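This report refers to the structure that appears directly beneath it.
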Amino acid sequence: MKKHLKILATIIILFTSSHFGFAQTNEDCLTCHGDKSLTKEDSTGKEISLYVDEAIFKQSIHHDLSCVGCHVGVKAEFHETKPEAVNCGECHSDAQDQYRKGIHGQKYFEGVKDAPTCRDCHDYHNIRSVDDPKADTYRANQPRMCAKCHADVRLVSKYQIPVPAPYQAYMESVHGKALEGGNLGAAVCSDCHRSHDLRPSSDPTSYVYRTNISSTCGGCHPTEEEEYSQDTHGRGVKRGVTEAPVCTDCHDEHAIKSSRDKTSPTFPANVSKVTCNRCHSSEKIIEKYGLVSERVTTYLDTYHGVGSRAGDPKTASCASCHTSHNIRGQNDPLSSINKANLPHTCGQCHKGAGPNFAKGSIHIIPTGKKDVGVYWVRLLYISLIIAVIGGMIAHNFIVMVKHIRDRYKEAKSGLVIRFITVEVLWHFLLMISFTTLVITGFAFRFPDSWWSSWMTHSPTAFAARGVAHRVAGVIFISLFIFTFAYSIFTKRGWQQILAKLPVISDIRNVIQNLLYSCGFSSREPLFDRYNYAEKAEYWALMWGGFVMILTGLPLWFENTFLSFMPKWLLDVFKSIHYYEAWLATLAILVWHMFYMIFDPETYPVNWSFFTGTMTEEQYMKRHPLDYEKLMARGEILGEEGVEEKSIESEIGTAETEESSEEEEKE
């Protein structure tokens, strides 16, 4: 009721005063707009407050202006006509002209409702001077003010603003930290982008356009700008060389950090291996502008370069010799790398450096015309290494082949049948298919590796890799099907499976083998037809093969399986397939290769996988329990020159030794 009486009184006052031609005063306006509950709805139905806090307005720089001075169209009558939009340009025409030319103004007049206007930066009724610490446009507050839009993920995504988080990057920069520490002279947004005439970096008139960046930074760093304008990079920019680096290429845009910061691109250890490397290792730039190649790589091979790669901030970097902003060509008399100036340049670190420091190349590239001494030494030693080491390899290869051949003859002449022909063939096909699956499978996951690029360098090669992987998969699956049929439906297969079943004695043999190998026991473990290592490997193969087939088929026939199974399950199958492949590959390399090649008793290779036979002596040594069974069944025929030894005496000796050890302990 009280509110309605206020409004009614205001109407009466305005109505009566209009007959005398009096304009409204601020007090008249505040009669209604001083009410906190005064609101209206916009075109979208959103409720908007029309409340004006008189106390805040009196602190504004506009406190001595009348409301109707800005809100044109509000006559003495009670808002008979809708007030016109506030036009700040009536008083601030220069600022308005600049705003219209800037990216914000252009977007606003194109109809982009989210484009900032005067009130978004300067507020409505709380407009303060830029020198007022409470103003949003005050230097210390400016980054946070700009962040209202430029840190808004929704706006950045909606309008595809190229720099997604400038505020966060700026506050971590040397400028942001200085400002936060109270240094109002530190660069803020308007120093680089200006206040009203903000333009995109693609606009040639923008202060952050590539060719204008050095002059923009020069506003605070005039000495560096003067040096840069005369160096090879600065002159390149003036000539229109778009790839020539400017301040932001080396120092970054918003995340400018001190050269003492280890994460800064200008940190001494990062200058050569990161910052200068971007351009001076780019084949495109080197070829386009005729630059000398391998500048960075030849530096990184030097004593200084090794220190830089190790992260030593004291070692000489590119900037130590070429300077940071006054980089000039070698033939320029003012260049720090001119031969006449090299003693002074090197003398910064090497006290007393003389003219000999300038005699020779800094970036050594051995050729027949340059760095000739290093070239001939390099050529001589490479030839010598090839001849000497190559000869050693050839010699050792011949010796190795002889031992491999002897092992083969020995295995082939063996009397003990370890594997029959069908089992040898099965192992051979398994070896080929498994190796093919490993190579082609990992080539899919690591297509850019040096060993796999020949399978992935083109669509044709990549398709051939896929065919090879699937063919090997079919062979692998067929071998498993054969294994189950062979083990169940043949007497030999059934005997082999029974012999491979784990038993309690396998655990005892593991312990005994470790004790024997560590020197804690003098008795060797006694193995049957298959020892614990062979059994573990076989059942690991069976389990791993089953897992690879189970997970591999859905990956092969993806569309078919996705018709009845969820994608998340297929993703799980992919992970299992990948990590099981790693497990199987490493198991073969670490476990199987040891017993087939690196075991001193079989080195350089155990040929039984190919010949299917072993000598009686070898079998008696490695599988004494099964050897005794074969002898008892008469399945081993004697041969001249082969000493027949009863396993019983060996077991008896072992038991005697074990008893002696127990007596000694007692």
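In the structure tokens, the first chain shown is A, the next is B, and so on; residue numbers restart at 1 for each chain, and ligands run from 1 in the order shown.
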Checklist line | Test item, helix (DSSP H, G or I) assignment across region 238-358 of chain A, answer as number ranges by chain | finding: A: 238, 247-251, 268-275, 277-280, 283-289, 295-300, 303-309, 318-322, 342-346, 355-358
Write out, as a compact mmCIF listing (two decimals), in the first residue's frame, the residues just selected, with N, CA and C atoms.
# COMPACT_ATOMS: atom_id res chain seq x y z
N LYS A 238 60.12 -6.34 -40.81
CA LYS A 238 59.88 -5.12 -41.59
C LYS A 238 59.77 -5.43 -43.08
N CYS A 247 58.27 -10.74 -30.54
CA CYS A 247 58.40 -10.88 -29.09
C CYS A 247 57.63 -12.09 -28.55
N THR A 248 56.37 -12.24 -29.00
CA THR A 248 55.52 -13.29 -28.45
C THR A 248 55.96 -14.69 -28.84
N ASP A 249 56.75 -14.83 -29.90
CA ASP A 249 57.22 -16.16 -30.30
C ASP A 249 58.22 -16.71 -29.29
N CYS A 250 58.99 -15.84 -28.69
CA CYS A 250 60.01 -16.28 -27.73
C CYS A 250 59.54 -16.13 -26.28
N HIS A 251 58.71 -15.10 -26.04
CA HIS A 251 58.30 -14.82 -24.66
C HIS A 251 56.88 -15.26 -24.34
N PRO A 268 67.59 -20.15 -19.57
CA PRO A 268 68.80 -20.51 -20.35
C PRO A 268 68.82 -21.94 -20.87
N ALA A 269 68.39 -22.90 -20.05
CA ALA A 269 68.44 -24.30 -20.48
C ALA A 269 67.38 -24.61 -21.53
N ASN A 270 66.36 -23.74 -21.67
CA ASN A 270 65.29 -23.99 -22.65
C ASN A 270 65.48 -23.24 -23.95
N VAL A 271 66.34 -22.23 -23.94
CA VAL A 271 66.50 -21.37 -25.12
C VAL A 271 66.88 -22.18 -26.35
N SER A 272 67.91 -23.00 -26.22
CA SER A 272 68.42 -23.72 -27.40
C SER A 272 67.58 -24.93 -27.77
N LYS A 273 67.24 -25.75 -26.78
CA LYS A 273 66.55 -27.00 -27.10
C LYS A 273 65.06 -26.83 -27.35
N VAL A 274 64.49 -25.67 -27.00
CA VAL A 274 63.06 -25.46 -27.19
C VAL A 274 62.78 -24.24 -28.07
N THR A 275 63.18 -23.07 -27.60
CA THR A 275 62.75 -21.81 -28.23
C THR A 275 63.36 -21.60 -29.61
N ASN A 277 64.93 -23.69 -31.30
CA ASN A 277 64.76 -24.94 -32.05
C ASN A 277 63.50 -24.95 -32.90
N ARG A 278 62.47 -24.20 -32.48
CA ARG A 278 61.19 -24.19 -33.21
C ARG A 278 61.38 -23.76 -34.66
N CYS A 279 62.21 -22.76 -34.88
CA CYS A 279 62.41 -22.26 -36.24
C CYS A 279 63.65 -22.85 -36.90
N HIS A 280 64.73 -22.95 -36.13
CA HIS A 280 66.01 -23.34 -36.73
C HIS A 280 66.15 -24.85 -36.91
N GLU A 283 62.33 -27.71 -41.21
CA GLU A 283 62.78 -27.92 -42.58
C GLU A 283 62.12 -26.92 -43.53
N LYS A 284 60.87 -26.58 -43.26
CA LYS A 284 60.15 -25.64 -44.12
C LYS A 284 60.82 -24.27 -44.11
N ILE A 285 61.14 -23.76 -42.92
CA ILE A 285 61.76 -22.43 -42.80
C ILE A 285 63.18 -22.45 -43.34
N ILE A 286 63.93 -23.50 -43.02
CA ILE A 286 65.32 -23.60 -43.49
C ILE A 286 65.38 -23.60 -45.01
N GLU A 287 64.49 -24.40 -45.63
CA GLU A 287 64.49 -24.49 -47.09
C GLU A 287 63.98 -23.21 -47.73
N LYS A 288 62.95 -22.61 -47.15
CA LYS A 288 62.33 -21.42 -47.74
C LYS A 288 63.27 -20.22 -47.74
N TYR A 289 64.03 -20.06 -46.65
CA TYR A 289 64.88 -18.86 -46.53
C TYR A 289 66.37 -19.15 -46.68
N ARG A 295 71.88 -26.28 -37.39
CA ARG A 295 72.47 -25.36 -36.43
C ARG A 295 72.21 -25.81 -34.99
N VAL A 296 70.98 -26.21 -34.71
CA VAL A 296 70.64 -26.60 -33.34
C VAL A 296 71.26 -27.95 -33.00
N THR A 297 71.17 -28.91 -33.92
CA THR A 297 71.69 -30.25 -33.63
C THR A 297 73.21 -30.23 -33.43
N THR A 298 73.91 -29.41 -34.21
CA THR A 298 75.37 -29.34 -34.03
C THR A 298 75.72 -28.68 -32.71
N TYR A 299 74.88 -27.72 -32.27
CA TYR A 299 75.11 -27.11 -30.95
C TYR A 299 74.85 -28.12 -29.84
N LEU A 300 73.75 -28.87 -29.96
CA LEU A 300 73.38 -29.82 -28.90
C LEU A 300 74.40 -30.94 -28.74
N TYR A 303 79.85 -29.51 -25.99
CA TYR A 303 79.90 -29.51 -24.52
C TYR A 303 78.81 -28.61 -23.96
N HIS A 304 78.65 -27.42 -24.59
CA HIS A 304 77.60 -26.50 -24.15
C HIS A 304 76.22 -27.13 -24.34
N GLY A 305 76.00 -27.75 -25.49
CA GLY A 305 74.70 -28.34 -25.79
C GLY A 305 74.32 -29.45 -24.84
N VAL A 306 75.30 -30.28 -24.47
CA VAL A 306 75.03 -31.37 -23.53
C VAL A 306 74.61 -30.80 -22.18
N GLY A 307 75.29 -29.72 -21.77
CA GLY A 307 74.91 -29.07 -20.51
C GLY A 307 73.51 -28.50 -20.57
N SER A 308 73.17 -27.92 -21.73
CA SER A 308 71.83 -27.36 -21.92
C SER A 308 70.78 -28.45 -21.87
N ARG A 309 71.04 -29.59 -22.53
CA ARG A 309 70.09 -30.70 -22.52
C ARG A 309 69.92 -31.26 -21.12
N CYS A 318 72.13 -20.36 -27.03
CA CYS A 318 72.17 -19.54 -28.26
C CYS A 318 72.27 -18.07 -27.92
N ALA A 319 71.48 -17.63 -26.92
CA ALA A 319 71.46 -16.21 -26.56
C ALA A 319 72.78 -15.75 -25.97
N SER A 320 73.55 -16.67 -25.38
CA SER A 320 74.83 -16.28 -24.78
C SER A 320 75.80 -15.78 -25.84
N CYS A 321 75.73 -16.37 -27.04
CA CYS A 321 76.65 -15.97 -28.11
C CYS A 321 76.01 -15.01 -29.10
N HIS A 322 74.75 -15.24 -29.42
CA HIS A 322 74.07 -14.44 -30.45
C HIS A 322 73.33 -13.25 -29.87
N LEU A 342 84.45 -12.25 -31.55
CA LEU A 342 84.33 -13.54 -30.85
C LEU A 342 85.17 -13.62 -29.57
N PRO A 343 86.41 -13.14 -29.55
CA PRO A 343 87.17 -13.21 -28.29
C PRO A 343 86.43 -12.53 -27.13
N HIS A 344 85.80 -11.38 -27.43
CA HIS A 344 85.05 -10.69 -26.38
C HIS A 344 83.80 -11.48 -25.99
N THR A 345 83.11 -12.04 -26.99
CA THR A 345 81.90 -12.82 -26.71
C THR A 345 82.24 -14.06 -25.88
N CYS A 346 83.25 -14.81 -26.32
CA CYS A 346 83.65 -16.01 -25.59
C CYS A 346 84.25 -15.65 -24.23
N PRO A 355 92.42 -14.53 -29.75
CA PRO A 355 92.03 -14.70 -31.15
C PRO A 355 91.89 -16.16 -31.59
N ASN A 356 92.54 -17.10 -30.88
CA ASN A 356 92.42 -18.51 -31.27
C ASN A 356 91.00 -19.04 -31.12
N PHE A 357 90.20 -18.37 -30.30
CA PHE A 357 88.82 -18.80 -30.14
C PHE A 357 88.02 -18.58 -31.42
N ALA A 358 88.50 -17.68 -32.27
CA ALA A 358 87.79 -17.37 -33.52
C ALA A 358 88.30 -18.21 -34.68
Notebook entry, point to check: Near region 618-622 of chain A, counting only C-alpha atoms, which residues have an atom at most 10 Å away, once you skip same-chain residues fewer than 2 positions from it, shown as a VMD selection string?
Noted result: chain A and resid 410 to 411 414 to 418 524 to 531 601 to 602 613 to 616 624 to 628 644 to 647
I need the residues from that last selection saved to file as an mmCIF file, in the first residue's frame (with C-alpha atoms), if you can.
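Just written: selection27.cif:
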data_model
loop_
_atom_site.group_PDB
_atom_site.id
_atom_site.type_symbol
_atom_site.label_atom_id
_atom_site.label_comp_id
_atom_site.auth_asym_id
_atom_site.auth_seq_id
_atom_site.Cartn_x
_atom_site.Cartn_y
_atom_site.Cartn_z
ATOM 1 C CA GLU A 410 74.118 -83.575 -31.938
ATOM 2 C CA ALA A 411 70.346 -83.145 -31.572
ATOM 3 C CA GLY A 414 69.795 -88.188 -30.588
ATOM 4 C CA LEU A 415 68.053 -91.445 -29.667
ATOM 5 C CA VAL A 416 65.370 -89.945 -27.420
ATOM 6 C CA ILE A 417 62.263 -88.834 -29.277
ATOM 7 C CA ARG A 418 61.171 -85.599 -27.626
ATOM 8 C CA GLU A 524 70.125 -80.946 -8.377
ATOM 9 C CA PRO A 525 66.337 -81.196 -8.784
ATOM 10 C CA LEU A 526 65.102 -84.312 -10.606
ATOM 11 C CA PHE A 527 62.654 -83.546 -13.449
ATOM 12 C CA ASP A 528 60.174 -85.759 -15.213
ATOM 13 C CA ARG A 529 59.219 -85.472 -18.911
ATOM 14 C CA TYR A 530 58.435 -81.763 -18.459
ATOM 15 C CA ASN A 531 59.934 -79.577 -15.741
ATOM 16 C CA GLU A 601 73.202 -76.015 -21.055
ATOM 17 C CA THR A 602 71.540 -75.302 -24.424
ATOM 18 C CA THR A 613 65.088 -85.539 -30.724
ATOM 19 C CA MET A 614 67.663 -85.201 -27.927
ATOM 20 C CA THR A 615 70.785 -87.169 -27.135
ATOM 21 C CA GLU A 616 70.558 -89.769 -24.425
ATOM 22 C CA PRO A 624 66.247 -88.077 -15.306
ATOM 23 C CA LEU A 625 62.929 -89.398 -13.977
ATOM 24 C CA ASP A 626 61.409 -89.801 -17.433
ATOM 25 C CA TYR A 627 64.677 -91.247 -18.735
ATOM 26 C CA GLU A 628 64.413 -94.055 -16.204
ATOM 27 C CA GLU A 644 74.639 -95.803 -20.627
ATOM 28 C CA LYS A 645 74.129 -94.665 -17.133
ATOM 29 C CA SER A 646 71.446 -95.888 -14.738
ATOM 30 C CA ILE A 647 69.393 -93.153 -13.180
#
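The closest residue to Lys36 (chain A), picked from A:Lys567, A:Ile48, A:Gln496, A:Ser336 and counting only C-alpha atoms, is A:Ile48.
Excluding His254 (chain A) itself and same-chain residues fewer than 3 positions from it, the residues having an atom within 7 Å of it are Pro166, Ala169, Tyr170 and Ser173 of chain A, counting only C-alpha atoms.
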Saved selection, atoms kept: N, CA, C and O atoms, as a PDB file, in the first residue's frame:
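part13.pdb, freshly written:
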ATOM      1  N   PRO A 166      43.121 -16.355 -21.134  1.00  0.00           N
ATOM      2  CA  PRO A 166      44.190 -15.358 -21.027  1.00  0.00           C
ATOM      3  C   PRO A 166      44.402 -14.848 -19.606  1.00  0.00           C
ATOM      4  O   PRO A 166      45.520 -14.534 -19.216  1.00  0.00           O
ATOM      5  N   ALA A 169      46.532 -17.271 -17.541  1.00  0.00           N
ATOM      6  CA  ALA A 169      47.913 -17.227 -18.017  1.00  0.00           C
ATOM      7  C   ALA A 169      48.587 -15.916 -17.603  1.00  0.00           C
ATOM      8  O   ALA A 169      49.752 -15.905 -17.175  1.00  0.00           O
ATOM      9  N   TYR A 170      47.840 -14.810 -17.720  1.00  0.00           N
ATOM     10  CA  TYR A 170      48.404 -13.496 -17.371  1.00  0.00           C
ATOM     11  C   TYR A 170      48.761 -13.428 -15.891  1.00  0.00           C
ATOM     12  O   TYR A 170      49.825 -12.921 -15.521  1.00  0.00           O
ATOM     13  N   SER A 173      51.963 -14.809 -15.100  1.00  0.00           N
ATOM     14  CA  SER A 173      53.088 -14.215 -15.828  1.00  0.00           C
ATOM     15  C   SER A 173      53.846 -13.228 -14.954  1.00  0.00           C
ATOM     16  O   SER A 173      53.410 -12.855 -13.856  1.00  0.00           O
TER      17      SER A 173
END
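CA of Asp203 (chain A) lies 19.3 Å from CA of His150 (chain A).
The space between CA of Val237 (chain A) and CA of Glu224 (chain A) spans 15.3 Å.
Residues with any atom within 9 Å of Asn338 (chain A), counting only C-alpha atoms and excluding same-chain neighbours fewer than 4 positions away, are Arg328, Gly329, Gln330, Asn331, Asp332, Pro333, Leu334, Leu342 and Ala358 of chain A.
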Item checked: region 553-566 of chain A environment, 10 Å, only C-alpha atoms, sequence neighbours closer than 5 positions dropped, as number ranges by chain -> A: 470, 473, 548, 571, 573-574, 577
Could the residues in this selection be written to a file with C-alpha atoms, as a PDB file, in the first residue's frame?
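Contents of again.pdb, freshly written:
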ATOM      1  CA  ARG A 470      44.267 -61.693 -39.640  1.00  0.00           C
ATOM      2  CA  GLY A 473      45.188 -65.046 -36.395  1.00  0.00           C
ATOM      3  CA  MET A 548      43.566 -63.417 -27.211  1.00  0.00           C
ATOM      4  CA  ASP A 571      36.488 -51.252 -25.143  1.00  0.00           C
ATOM      5  CA  PHE A 573      38.087 -56.346 -24.756  1.00  0.00           C
ATOM      6  CA  LYS A 574      40.454 -53.964 -26.574  1.00  0.00           C
ATOM      7  CA  HIS A 577      43.772 -57.797 -25.931  1.00  0.00           C
TER       8      HIS A 577
END
Check: Quick one: residues within 8 Å of region 98-104 of chain A, only C-alpha atoms counted, chain neighbours fewer than 4 positions away excluded, as a list in words?
Finding: Asp94, Tyr108, Ala115, Pro116, Thr117, His196, Asp197, Leu198, Arg199 and Pro200 of chain A
Next, the residues of the selection above should be written as a CSV table (one decimal), in the first residue's frame with N, CA, C and O atoms.
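This went into part01.csv:
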chain,number,residue,atom,x,y,z
A,94,ASP,N,34.7,10.7,-28.9
A,94,ASP,CA,36.0,10.1,-29.4
A,94,ASP,C,36.0,8.6,-29.0
A,94,ASP,O,36.4,7.8,-29.8
A,108,TYR,N,28.8,-5.8,-31.6
A,108,TYR,CA,27.6,-5.3,-31.0
A,108,TYR,C,26.6,-4.7,-32.1
A,108,TYR,O,25.4,-5.0,-32.1
A,115,ALA,N,28.2,-9.1,-26.9
A,115,ALA,CA,29.3,-8.1,-27.1
A,115,ALA,C,29.3,-7.1,-26.0
A,115,ALA,O,28.2,-6.5,-25.7
A,116,PRO,N,30.4,-6.8,-25.4
A,116,PRO,CA,30.4,-5.8,-24.3
A,116,PRO,C,30.2,-4.4,-24.8
A,116,PRO,O,30.6,-4.0,-25.9
A,117,THR,N,29.5,-3.6,-24.0
A,117,THR,CA,29.2,-2.2,-24.3
A,117,THR,C,29.9,-1.4,-23.1
A,117,THR,O,30.5,-1.9,-22.2
A,196,HIS,N,39.3,1.1,-26.0
A,196,HIS,CA,38.1,1.1,-26.8
A,196,HIS,C,38.3,0.5,-28.2
A,196,HIS,O,37.4,-0.1,-28.7
A,197,ASP,N,39.5,0.8,-28.7
A,197,ASP,CA,39.7,0.4,-30.1
A,197,ASP,C,40.4,-1.0,-30.1
A,197,ASP,O,41.5,-1.2,-30.7
A,198,LEU,N,39.8,-2.0,-29.5
A,198,LEU,CA,40.3,-3.3,-29.5
A,198,LEU,C,40.1,-4.0,-30.8
A,198,LEU,O,39.0,-4.0,-31.3
A,199,ARG,N,41.2,-4.5,-31.4
A,199,ARG,CA,41.1,-5.2,-32.7
A,199,ARG,C,41.7,-6.5,-32.7
A,199,ARG,O,42.7,-6.8,-31.9
A,200,PRO,N,41.3,-7.5,-33.5
A,200,PRO,CA,41.8,-8.8,-33.5
A,200,PRO,C,43.3,-8.8,-34.0
A,200,PRO,O,43.7,-7.9,-34.7
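Note that CA of Ile364 (chain A) and CA of Cys276 (chain A) are 17.9 Å apart.
Among the candidates A:Phe446, A:Val510, A:Glu84, A:Met542, the one nearest to Phe484 (chain A) when counting only C-alpha atoms is A:Met542.
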